[in-house]
Amino acid sequence: MDFYARFAVWWSAAAVYRDKRVLAITFLGISSGFPLGILGDPVTAWLQESGLSKTSIGLFALVGLPYAFKFLWAPAFDRLSIPIVTDALGRRRGWIIVSQISLLACVLSLGFIELPGDIFLAAAVTLGVAFTSASQDIVIDAYRVEILEERQLGAGAATVVLGYRVGQVGSGAMGLIVASTFGWTAAFMTMGAVALIGIIAILLNPEPKADLSLSGEDTMMTGLKDSVVAPLADFFARPGWLLIIGIIVLYKLGDSVLSVMQTPFFLELEFTKPEIAGIKKGVGFSAIIVGGFLGGMMVAGLGTLRSLFVCGILQALSNLIFVYQALAGHDLTALTITVTAENLATGMGSTAFVAYLSSLCNQSYTATQYALLTSVMGGARTMLSASAGWFADQMDWVSFFLLTTVAASPALLLIWLLMRHYPAQRCQTKDAVHAPDKSY
């Protein structure tokens, strides 16, 4: 095949990315990602500057629980309609618009809360941001699958991840930069405006043609059995399931505890918010993308479990870089090295972990089992990382970062036991025997 023929084939394949629906998914991805950017560094810096203790800041990690348990209210979006709104926009678009407007209201409200006096109101509104954001994600994921043709699903997944990262990183950096010049009210106003991107995108695109009508007790009972009972029964029937649960709960523990205290640590070293935003969101974003690519290559070369083990070690070692930062103090070169190393290891570990979770799913229940596994991971991570502030209050920073390194050890031990006593298993169908996968 000559050059022109090859170019024509690739140009034809790339046409999928020029479809209006695929492009719309990019903007909906931004809408999904920006609340995570707000709940990260901006909210943490806001709390830190308000004089709250590290213990209190750490407890704010609990507001992330809606992301872990969103599967509990997801069926409501399939079965319930909104008067007037559903008739005008359709069920999917109607729920997306309602969740986006509610999310916008919560973010804007944060800008009018006075800390530390209104700490409980701040916690309630921040929880509202997480809840409306998680609800938005449920409906956007359903909309994405239903609006795209089968040949477009891969492109849709790629564009939604790209949009998600842009929204998360962009809103976080923008919030810190605006806050440093104009204050937190202006920062939350600016970050909240990002919600308008998703609102405009969904209004300019059609409602899916999928039949969403579900009703009746038998339908709900059958749905409960198919969506929860059968996938759980399949998972708990496999050998070594207890070790697997332990790995899911503990694998990201060290990273999660550290991440809650990153911004307070940098601020205590007297780095400015623009400095933190520039390095964490600029250099850090590039490093995590490169780390993800390297993690994918490692999984392909070493297998899933071995990669999970190696990346777990690298994640633990990257926490030690923060000891170097604590000793170096206010040093931008040290900050660049610290952020780069931590994000490289995080990107590699996240890729290996996602690959591992995916390998656990029976293909008959892929979506449900993956959602349940990530809910277990997210819920455990949120609960365990809430104690990060208390530990940081009880010890100096060097001791704290050494503790986060040690916190990675239990998961590594469990992975070693799983590799030693049980083969990795890849399920094909709900009736298939769980055949050994010796790629590790």
# chains A, B, ... in the order shown; residues from 1 in each chain; ligands from 1
call {"tool": "closest_atom_pairs", "arguments": {"of": "stretch 198-303 of chain A", "to": "stretch 125-139 of chain A", "cutoff": "12 Å", "atoms": "only C-alpha atoms", "output": "JSON lines"}}
result
{"residue": "A:Gly198", "atom": "CA", "partner": "A:Gln136", "partner_atom": "CA", "distance": 10.2}
{"residue": "A:Ile199", "atom": "CA", "partner": "A:Gln136", "partner_atom": "CA", "distance": 11.1}
{"residue": "A:Ile202", "atom": "CA", "partner": "A:Val139", "partner_atom": "CA", "distance": 11.5}
{"residue": "A:Glu207", "atom": "CA", "partner": "A:Val139", "partner_atom": "CA", "distance": 12.0}
{"residue": "A:Pro208", "atom": "CA", "partner": "A:Val139", "partner_atom": "CA", "distance": 11.8}
call {"tool": "atom_distance", "arguments": {"atom1": "atom CA of A:Gly292", "atom2": "atom CA of A:Gly170"}}
result
19.0 Å
call {"tool": "closest_atom_pairs", "arguments": {"of": "stretch 226-345 of chain A", "to": "stretch 61-67 of chain A", "cutoff": "10 Å", "atoms": "only C-alpha atoms", "output": "tab-separated table"}}
result
residue	atom	partner	partner_atom	distance
A:Ser256	CA	A:Ala61	CA	9.7
A:Val257	CA	A:Ala61	CA	9.8
A:Val260	CA	A:Ala61	CA	7.2
call {"tool": "write_last_selection", "arguments": {"atoms": "N, CA, C and O atoms", "output": "JSON list (two decimals), in the first residue's frame"}}
result
[["chain", "number", "residue", "atom", "x", "y", "z"],
["A", 256, "SER", "N", -3.03, 8.07, 49.00],
["A", 256, "SER", "CA", -4.23, 8.81, 49.39],
["A", 256, "SER", "C", -3.98, 9.64, 50.64],
["A", 256, "SER", "O", -4.41, 10.80, 50.73],
["A", 257, "VAL", "N", -3.30, 9.06, 51.62],
["A", 257, "VAL", "CA", -3.00, 9.79, 52.86],
["A", 257, "VAL", "C", -2.09, 10.98, 52.55],
["A", 257, "VAL", "O", -2.29, 12.09, 53.06],
["A", 260, "VAL", "N", -3.85, 14.17, 50.53],
["A", 260, "VAL", "CA", -4.71, 15.06, 51.31],
["A", 260, "VAL", "C", -3.89, 16.20, 51.91],
["A", 260, "VAL", "O", -4.36, 17.34, 52.05]]
call {"tool": "select_by_dssp", "arguments": {"residues": "stretch 39-244 of chain A", "states": "helix (DSSP H, G or I)", "output": "JSON, numbers by chain"}}
result
{"A": [39, 41, 42, 43, 44, 45, 46, 47, 48, 49, 54, 55, 56, 57, 58, 59, 60, 61, 62, 63, 64, 65, 66, 67, 68, 70, 71, 72, 74, 75, 76, 77, 78, 79, 85, 86, 87, 88, 89, 91, 92, 93, 94, 95, 96, 97, 98, 99, 100, 101, 102, 103, 104, 105, 106, 107, 108, 109, 110, 119, 120, 121, 122, 123, 124, 125, 126, 127, 128, 129, 130, 131, 132, 133, 134, 135, 136, 137, 138, 139, 140, 141, 142, 143, 144, 145, 146, 147, 150, 151, 152, 153, 154, 155, 156, 157, 158, 159, 160, 161, 162, 163, 164, 165, 166, 167, 168, 169, 170, 171, 172, 173, 174, 175, 176, 177, 178, 179, 180, 181, 182, 184, 185, 186, 187, 188, 189, 190, 191, 192, 195, 196, 197, 198, 199, 200, 201, 202, 203, 217, 218, 219, 220, 221, 222, 223, 224, 225, 226, 227, 228, 229, 230, 231, 232, 233, 234, 235, 236, 241, 242, 243, 244]}
call {"tool": "residues_around", "arguments": {"residues": "A:Val339", "least_positions_apart": "4", "cutoff": "12 Å", "atoms": "only C-alpha atoms", "output": "JSON, numbers by chain"}}
result
{"A": [259, 262, 263, 266, 275, 276, 277, 278, 279, 280, 281, 282, 283, 284, 285, 286, 287, 288, 318, 319, 320, 321, 322, 324, 325, 332, 333, 334, 335, 343, 344, 345, 346, 347]}
call {"tool": "write_last_selection", "arguments": {"atoms": "N, CA and C atoms", "output": "short mmCIF file (atom, residue, chain, number, x, y, z; two decimals), in the first residue's frame"}}
result
data_model
loop_
_atom_site.label_atom_id
_atom_site.label_comp_id
_atom_site.auth_asym_id
_atom_site.auth_seq_id
_atom_site.Cartn_x
_atom_site.Cartn_y
_atom_site.Cartn_z
N SER A 259 -1.75 12.60 49.59
CA SER A 259 -2.33 13.60 48.70
C SER A 259 -3.20 14.60 49.45
N GLN A 262 -0.79 17.30 50.77
CA GLN A 262 0.19 17.90 49.87
C GLN A 262 0.13 19.43 49.87
N THR A 263 -1.05 19.97 49.61
CA THR A 263 -1.16 21.43 49.51
C THR A 263 -0.87 22.13 50.83
N PHE A 266 2.90 22.21 51.11
CA PHE A 266 3.54 23.19 50.24
C PHE A 266 3.30 24.62 50.73
N GLU A 275 2.73 29.39 42.29
CA GLU A 275 3.85 28.45 42.17
C GLU A 275 3.35 27.01 42.24
N ILE A 276 2.48 26.75 43.19
CA ILE A 276 1.93 25.39 43.34
C ILE A 276 1.13 25.02 42.10
N ALA A 277 0.28 25.95 41.64
CA ALA A 277 -0.54 25.68 40.46
C ALA A 277 0.33 25.43 39.23
N GLY A 278 1.36 26.27 39.04
CA GLY A 278 2.20 26.15 37.86
C GLY A 278 2.93 24.82 37.79
N ILE A 279 3.48 24.38 38.91
CA ILE A 279 4.27 23.16 38.91
C ILE A 279 3.38 21.92 39.02
N LYS A 280 2.41 21.93 39.94
CA LYS A 280 1.55 20.75 40.09
C LYS A 280 0.68 20.52 38.87
N LYS A 281 0.13 21.59 38.32
CA LYS A 281 -0.80 21.43 37.21
C LYS A 281 -0.10 21.43 35.86
N GLY A 282 1.10 21.98 35.80
CA GLY A 282 1.84 21.99 34.55
C GLY A 282 2.76 20.78 34.45
N VAL A 283 3.84 20.82 35.23
CA VAL A 283 4.80 19.72 35.23
C VAL A 283 4.13 18.42 35.71
N GLY A 284 3.31 18.53 36.75
CA GLY A 284 2.66 17.35 37.29
C GLY A 284 1.73 16.68 36.31
N PHE A 285 0.98 17.48 35.55
CA PHE A 285 0.05 16.92 34.57
C PHE A 285 0.81 16.14 33.50
N SER A 286 1.90 16.73 33.00
CA SER A 286 2.71 16.04 31.98
C SER A 286 3.29 14.75 32.53
N ALA A 287 3.77 14.81 33.79
CA ALA A 287 4.39 13.62 34.39
C ALA A 287 3.40 12.49 34.57
N ILE A 288 2.17 12.82 34.96
CA ILE A 288 1.20 11.75 35.19
C ILE A 288 0.76 11.10 33.88
N SER A 318 8.25 6.97 45.91
CA SER A 318 8.01 8.37 45.53
C SER A 318 7.57 9.19 46.73
N ASN A 319 6.95 8.56 47.72
CA ASN A 319 6.58 9.29 48.94
C ASN A 319 7.80 9.77 49.70
N LEU A 320 8.91 9.03 49.57
CA LEU A 320 10.15 9.44 50.25
C LEU A 320 10.72 10.72 49.66
N ILE A 321 10.35 11.05 48.40
CA ILE A 321 10.82 12.29 47.79
C ILE A 321 10.34 13.49 48.59
N PHE A 322 9.19 13.34 49.26
CA PHE A 322 8.66 14.45 50.05
C PHE A 322 9.52 14.71 51.30
N TYR A 324 12.77 14.63 51.13
CA TYR A 324 13.76 15.53 50.50
C TYR A 324 13.20 16.95 50.41
N GLN A 325 11.92 17.07 50.02
CA GLN A 325 11.31 18.40 49.91
C GLN A 325 11.22 19.08 51.28
N LEU A 332 12.16 25.86 44.52
CA LEU A 332 11.34 25.52 43.36
C LEU A 332 11.90 24.34 42.57
N THR A 333 13.24 24.22 42.55
CA THR A 333 13.84 23.07 41.87
C THR A 333 13.46 21.78 42.59
N ALA A 334 13.53 21.80 43.91
CA ALA A 334 13.13 20.63 44.69
C ALA A 334 11.65 20.32 44.50
N LEU A 335 10.82 21.37 44.44
CA LEU A 335 9.38 21.17 44.24
C LEU A 335 9.12 20.51 42.89
N ASN A 343 4.17 12.23 40.53
CA ASN A 343 3.17 12.06 39.48
C ASN A 343 3.53 10.95 38.50
N LEU A 344 4.81 10.78 38.22
CA LEU A 344 5.23 9.65 37.38
C LEU A 344 4.82 8.33 38.02
N ALA A 345 5.13 8.18 39.32
CA ALA A 345 4.80 6.94 40.02
C ALA A 345 3.28 6.76 40.13
N THR A 346 2.56 7.87 40.37
CA THR A 346 1.11 7.79 40.46
C THR A 346 0.50 7.36 39.13
N GLY A 347 0.99 7.93 38.02
CA GLY A 347 0.49 7.55 36.71
C GLY A 347 0.73 6.08 36.41
#
call {"tool": "closest_residue", "arguments": {"among": "A:Thr405, A:Thr272, A:Thr55, A:Ser50", "to": "A:Ala388", "atoms": "only C-alpha atoms"}}
result
A:Thr55
call {"tool": "closest_residue", "arguments": {"among": "A:Leu384, A:Ile25, A:Val229, A:Leu412", "to": "A:Glu146", "atoms": "only C-alpha atoms"}}
result
A:Ile25
call {"tool": "atom_distance", "arguments": {"atom1": "atom CA of A:Trp397", "atom2": "atom CA of A:Phe60"}}
result
19.7 Å
call {"tool": "residues_around", "arguments": {"residues": "A:Phe400", "least_positions_apart": "4", "cutoff": "9 Å", "atoms": "only C-alpha atoms", "output": "number ranges by chain"}}
result
A: 258, 323, 388, 391-392, 394-396, 404-405
call {"tool": "write_last_selection", "arguments": {"atoms": "all heavy atoms", "output": "PDB file, in the first residue's frame"}}
result
ATOM      1  N   LEU A 258      -1.112  10.771  51.666  1.00  0.00           N
ATOM      2  CA  LEU A 258      -0.195  11.852  51.325  1.00  0.00           C
ATOM      3  C   LEU A 258      -0.893  12.962  50.546  1.00  0.00           C
ATOM      4  O   LEU A 258      -0.673  14.152  50.801  1.00  0.00           O
ATOM      5  CB  LEU A 258       0.972  11.291  50.511  1.00  0.00           C
ATOM      6  CG  LEU A 258       2.084  12.277  50.128  1.00  0.00           C
ATOM      7  CD1 LEU A 258       3.436  11.579  50.141  1.00  0.00           C
ATOM      8  CD2 LEU A 258       1.837  12.877  48.743  1.00  0.00           C
ATOM      9  N   VAL A 323      10.251  13.698  51.743  1.00  0.00           N
ATOM     10  CA  VAL A 323      11.216  13.918  52.828  1.00  0.00           C
ATOM     11  C   VAL A 323      12.304  14.871  52.339  1.00  0.00           C
ATOM     12  O   VAL A 323      12.715  15.811  53.049  1.00  0.00           O
ATOM     13  CB  VAL A 323      11.830  12.586  53.293  1.00  0.00           C
ATOM     14  CG1 VAL A 323      12.929  12.832  54.310  1.00  0.00           C
ATOM     15  CG2 VAL A 323      10.742  11.673  53.869  1.00  0.00           C
ATOM     16  N   ALA A 388      -5.615  11.498  57.698  1.00  0.00           N
ATOM     17  CA  ALA A 388      -4.311  12.047  57.326  1.00  0.00           C
ATOM     18  C   ALA A 388      -3.972  13.307  58.123  1.00  0.00           C
ATOM     19  O   ALA A 388      -2.852  13.489  58.593  1.00  0.00           O
ATOM     20  CB  ALA A 388      -4.279  12.343  55.823  1.00  0.00           C
ATOM     21  N   PHE A 391      -2.840  12.603  61.754  1.00  0.00           N
ATOM     22  CA  PHE A 391      -1.453  12.131  61.828  1.00  0.00           C
ATOM     23  C   PHE A 391      -0.474  13.277  61.579  1.00  0.00           C
ATOM     24  O   PHE A 391       0.562  13.374  62.239  1.00  0.00           O
ATOM     25  CB  PHE A 391      -1.223  11.008  60.806  1.00  0.00           C
ATOM     26  CG  PHE A 391      -1.770   9.680  61.232  1.00  0.00           C
ATOM     27  CD1 PHE A 391      -2.879   9.132  60.603  1.00  0.00           C
ATOM     28  CD2 PHE A 391      -1.190   8.967  62.270  1.00  0.00           C
ATOM     29  CE1 PHE A 391      -3.398   7.904  60.994  1.00  0.00           C
ATOM     30  CE2 PHE A 391      -1.690   7.740  62.672  1.00  0.00           C
ATOM     31  CZ  PHE A 391      -2.796   7.200  62.032  1.00  0.00           C
ATOM     32  N   ALA A 392      -0.802  14.155  60.610  1.00  0.00           N
ATOM     33  CA  ALA A 392       0.086  15.284  60.323  1.00  0.00           C
ATOM     34  C   ALA A 392       0.184  16.237  61.508  1.00  0.00           C
ATOM     35  O   ALA A 392       1.227  16.871  61.714  1.00  0.00           O
ATOM     36  CB  ALA A 392      -0.405  16.030  59.081  1.00  0.00           C
ATOM     37  N   GLN A 394       0.112  15.272  64.618  1.00  0.00           N
ATOM     38  CA  GLN A 394       0.788  14.599  65.726  1.00  0.00           C
ATOM     39  C   GLN A 394       2.288  14.448  65.519  1.00  0.00           C
ATOM     40  O   GLN A 394       3.005  14.039  66.440  1.00  0.00           O
ATOM     41  CB  GLN A 394       0.179  13.193  65.945  1.00  0.00           C
ATOM     42  CG  GLN A 394      -1.329  13.169  66.113  1.00  0.00           C
ATOM     43  CD  GLN A 394      -1.801  14.099  67.207  1.00  0.00           C
ATOM     44  OE1 GLN A 394      -1.267  14.075  68.318  1.00  0.00           O
ATOM     45  NE2 GLN A 394      -2.801  14.925  66.895  1.00  0.00           N
ATOM     46  N   MET A 395       2.788  14.742  64.313  1.00  0.00           N
ATOM     47  CA  MET A 395       4.211  14.502  64.032  1.00  0.00           C
ATOM     48  C   MET A 395       4.742  15.554  63.067  1.00  0.00           C
ATOM     49  O   MET A 395       3.964  16.321  62.483  1.00  0.00           O
ATOM     50  CB  MET A 395       4.393  13.091  63.450  1.00  0.00           C
ATOM     51  CG  MET A 395       3.581  12.829  62.191  1.00  0.00           C
ATOM     52  SD  MET A 395       3.669  11.093  61.610  1.00  0.00           S
ATOM     53  CE  MET A 395       2.740  10.259  62.897  1.00  0.00           C
ATOM     54  N   ASP A 396       6.043  15.585  62.892  1.00  0.00           N
ATOM     55  CA  ASP A 396       6.623  16.512  61.919  1.00  0.00           C
ATOM     56  C   ASP A 396       6.443  15.939  60.520  1.00  0.00           C
ATOM     57  O   ASP A 396       6.066  14.784  60.339  1.00  0.00           O
ATOM     58  CB  ASP A 396       8.102  16.761  62.227  1.00  0.00           C
ATOM     59  CG  ASP A 396       8.921  15.475  62.237  1.00  0.00           C
ATOM     60  OD1 ASP A 396       8.988  14.809  61.185  1.00  0.00           O
ATOM     61  OD2 ASP A 396       9.491  15.143  63.298  1.00  0.00           O
ATOM     62  N   THR A 404       3.570   7.488  55.446  1.00  0.00           N
ATOM     63  CA  THR A 404       2.842   7.192  54.205  1.00  0.00           C
ATOM     64  C   THR A 404       3.568   6.139  53.377  1.00  0.00           C
ATOM     65  O   THR A 404       2.942   5.365  52.652  1.00  0.00           O
ATOM     66  CB  THR A 404       2.659   8.463  53.363  1.00  0.00           C
ATOM     67  OG1 THR A 404       3.924   8.957  52.913  1.00  0.00           O
ATOM     68  CG2 THR A 404       1.935   9.545  54.146  1.00  0.00           C
ATOM     69  N   THR A 405       4.903   6.114  53.485  1.00  0.00           N
ATOM     70  CA  THR A 405       5.674   5.088  52.775  1.00  0.00           C
ATOM     71  C   THR A 405       5.406   3.711  53.368  1.00  0.00           C
ATOM     72  O   THR A 405       5.173   2.734  52.640  1.00  0.00           O
ATOM     73  CB  THR A 405       7.174   5.409  52.846  1.00  0.00           C
ATOM     74  OG1 THR A 405       7.404   6.708  52.312  1.00  0.00           O
ATOM     75  CG2 THR A 405       7.986   4.387  52.062  1.00  0.00           C
TER      76      THR A 405
END
call {"tool": "residues_around", "arguments": {"residues": "A:Gly183", "least_positions_apart": "5", "cutoff": "12 Å", "atoms": "only C-alpha atoms", "output": "number ranges by chain"}}
result
A: 42, 45-46, 49, 111-112, 175-178, 188-190, 273
call {"tool": "write_last_selection", "arguments": {"atoms": "N, CA and C atoms", "output": "short mmCIF file (atom, residue, chain, number, x, y, z; two decimals), in the first residue's frame"}}
result
data_model
loop_
_atom_site.label_atom_id
_atom_site.label_comp_id
_atom_site.auth_asym_id
_atom_site.auth_seq_id
_atom_site.Cartn_x
_atom_site.Cartn_y
_atom_site.Cartn_z
N PRO A 42 -7.78 23.68 45.39
CA PRO A 42 -8.42 24.94 45.81
C PRO A 42 -9.12 24.86 47.16
N ALA A 45 -6.52 24.49 49.93
CA ALA A 45 -5.82 25.76 50.19
C ALA A 45 -6.74 26.75 50.91
N TRP A 46 -8.01 26.78 50.53
CA TRP A 46 -9.01 27.64 51.18
C TRP A 46 -9.12 27.33 52.66
N GLU A 49 -5.77 28.32 54.52
CA GLU A 49 -5.62 29.75 54.74
C GLU A 49 -6.62 30.29 55.76
N GLY A 111 -18.30 30.41 47.63
CA GLY A 111 -17.65 31.72 47.62
C GLY A 111 -18.20 32.70 48.64
N PHE A 112 -19.36 32.39 49.25
CA PHE A 112 -19.99 33.30 50.19
C PHE A 112 -19.97 32.76 51.63
N GLY A 175 -8.36 28.13 39.85
CA GLY A 175 -8.85 28.53 41.17
C GLY A 175 -7.75 29.10 42.04
N LEU A 176 -6.59 28.44 42.06
CA LEU A 176 -5.48 28.92 42.88
C LEU A 176 -4.95 30.27 42.39
N ILE A 177 -4.86 30.42 41.06
CA ILE A 177 -4.32 31.66 40.50
C ILE A 177 -5.26 32.84 40.76
N VAL A 178 -6.57 32.64 40.53
CA VAL A 178 -7.54 33.71 40.75
C VAL A 178 -7.61 34.07 42.23
N PHE A 188 -14.12 30.95 43.34
CA PHE A 188 -15.23 30.00 43.23
C PHE A 188 -16.20 30.42 42.12
N MET A 189 -16.38 31.73 41.93
CA MET A 189 -17.21 32.20 40.83
C MET A 189 -16.61 31.76 39.48
N THR A 190 -15.31 31.95 39.36
CA THR A 190 -14.63 31.60 38.11
C THR A 190 -14.67 30.10 37.86
N LYS A 273 0.44 30.22 45.86
CA LYS A 273 -0.55 29.44 45.13
C LYS A 273 -0.23 29.37 43.64
#
call {"tool": "atom_distance", "arguments": {"atom1": "atom CA of A:Arg21", "atom2": "atom CA of A:Ser375"}}
result
28.6 Å
